[in-house]
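To start, the structure under review is shown below, and the notes come after it.
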Amino acid sequence: MNALNIVEYTHNLGVQAKVASAQMARASAAVKSRALLALARLLRENVQALQTDNARDLERAVANGLSAPMVDRLRLTPKVLETCALGCEQLAAMADVIGEIIGMKQQPSGIRVGQMRVPIGVFGMIYESRPNVTIEAASLSIKSGNACILRGGSEAIESNKALAALVARALAEAGLPEHGVQLVQTTDREAVGQLIAMPDYVDVIIPRGGKGLIERISREAKVPVIKHLDGNCHTYVDDPCDIAMAVKVADNAKTQKYSPCNASESLLVARGVAGEFLPRIGAVYAAKGVEMRGCAESLAILKAVAGAKLAEATEQDWSEEYLAPIISVKIVAGVDEAIAHVNRYSSHHTDAILTRDHMHAQRFLREVDSASVMVNASTRFADGFEYGLGAEIGISTDKFHARGPVGIEGLTSLKYVVLGEGEVRA
């Protein structure tokens, strides 16, 4: 497409989405559930065909020299597709919050005032790598009564087209508009520039990808943006703690999968337990090939671990999102220093404390300024599916409108409704 065609193309997507949004907003809960269940069925029926399309993206990614973690993000395995299908079914089974009225109160004048939950209208989603985001975004759009325009990364174009075709079939089966969920079919980057500058048609933009993408969209968008810049997540091992549990959780938080934004990138250890904890977690990380970039005090302990890959941490390491088998390690005096370190260096995504001290846990929950704060659990749980949201559109580190995993409610707005019986203002 030439530049003029890109402008016309994205304008048409916007017009179609705006029209479809009115139909999506008035769809009944039963109709939306029918579409979601149809999508779950179609995903399971088309695993082999989807993997064939996905293989073309994987081959191109490897040929283009994409890193192993990035290639891993592209993969549509049967397990990934089954998770997508389960997410659709979980959403279908959830109560429909659209039209819900909350906080209804009688006023002295006689009127009753409350708030009704309504769809936002049209959201644009710009994402990289993971093609399963196409299904997560589409399913949440359907459940929340919104229309959406999806623009996935060029590296996953074949996979995204195949998934979007299944979404269109599911919408048609349920009698919903075919333009309720639209995929931008071109990889031309100008389409992104157009999509984020159409306030007449797009109500909010949700970027999900690398820091460069999100910074560009935040800078250039002419519509509101729900964003998170990166995922420098911390696991803090407190004194006192259950050492065996701490080893298990710190291992899972880092190594269960290296590429997601909720993997722990920094390990903080209270000085009182460092001598016992660090050799044990160090041995686990060494066996899995995880490089530990530590402070001088932690390296003095870790150097005794056989086969450990060690390096001295720089100031930059405390802020780094590695998305790789690397973790920064720092010994801190206790919970005060841990909270201060997290609030300084964290990306405010997800941070966890592993402790036996109830007061330390409560302080960490209250004082750590992040979208998700956890006690005695792996940061890998920071996920819409794990939180029972059915799926997530992304994880927001903003403080307004939506924060943390953005599910159905994050894609809605509240409007005031007033019920009267002929009251007039004096």
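To be explicit about the labels: the chains of the structure tokens are called A, B, and onward in the order shown, and within each one the residues are counted from 1, while ligands get numbers from 1 in the order they are shown.
Within stretch 126-171 of chain A, DSSP run on the backbone puts these residues in strand (DSSP E or B): A:Ile126, A:Tyr127, A:Ala147, A:Cys148, A:Ile149, A:Leu150, A:Arg151.
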Exercise: A:Glu297 partners within 10 Å, only C-alpha atoms, chain neighbours under 6 positions left out, as a PyMOL selection string: chain A and resi 271+274+329-332
I want to know what sits within 9 Å of A:Arg280, based on only C-alpha atoms, with residues of the same chain fewer than 5 positions away left out; could you give that as a PDB file with C-alpha atoms, in the first residue's frame?
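Resulting contents of around_9.pdb:
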```
ATOM      1  CA  ILE A 243      14.250 -20.879  53.056  1.00  0.00           C
ATOM      2  CA  ALA A 244      13.002 -23.935  51.149  1.00  0.00           C
ATOM      3  CA  VAL A 247      14.259 -21.138  46.893  1.00  0.00           C
ATOM      4  CA  TYR A 285      20.471 -20.936  38.908  1.00  0.00           C
ATOM      5  CA  VAL A 305      28.787 -22.188  44.122  1.00  0.00           C
TER       6      VAL A 305
END
```
Can you pull out every residue within 7 Å of A:Val118, counting only C-alpha atoms, but drop anything in the same chain fewer than 6 positions away, and send it as a list in words? Ile98, Gly99, Thr412, Ser413 and Leu414 of chain A
Could you write out, as a count of residues only, all the residues of stretch 140-300 of chain A that DSSP marks as alpha helix (DSSP H)? 73
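Using only C-alpha atoms, the protein and nucleic acid residues lying no more than 9 Å from A:Val269, apart from those fewer than 2 places from it along its own chain, are Thr235, Tyr236, Val237, Asp238, Asp239, Leu267, Arg271, Gly272, Val273, Ala274, Phe277, Leu278, Ser298, Val329, Lys330, Ile331, Val332, Ala333, Gly334 and Ala338 of chain A.
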Nearest to A:Pro131: which of A:Leu163, A:Leu36, A:Ala55, A:Val225 is it, counting only C-alpha atoms? A:Leu163
Spatial neighbours of A:Cys295, 12 Å, only C-alpha atoms, chain gap at least 4 places, as an MDAnalysis selection string: chainID A and resid 266:269 299:303 310:315 317:318 327:332
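Closest approach to A:Pro69 from the set A:Ala324, A:Ala137, A:Leu81, A:Val167 is made by A:Ala324, with distances taken over only C-alpha atoms.
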Which one is closest to A:Tyr201: A:Leu13, A:Leu419, A:Cys233, A:Met125? Count only C-alpha atoms. A:Leu13
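Compared by their closest atoms to A:Asp72, and using only C-alpha atoms, the residues A:Ala174, A:Leu354, A:Leu58, A:Leu411 rank with A:Leu58 nearest.
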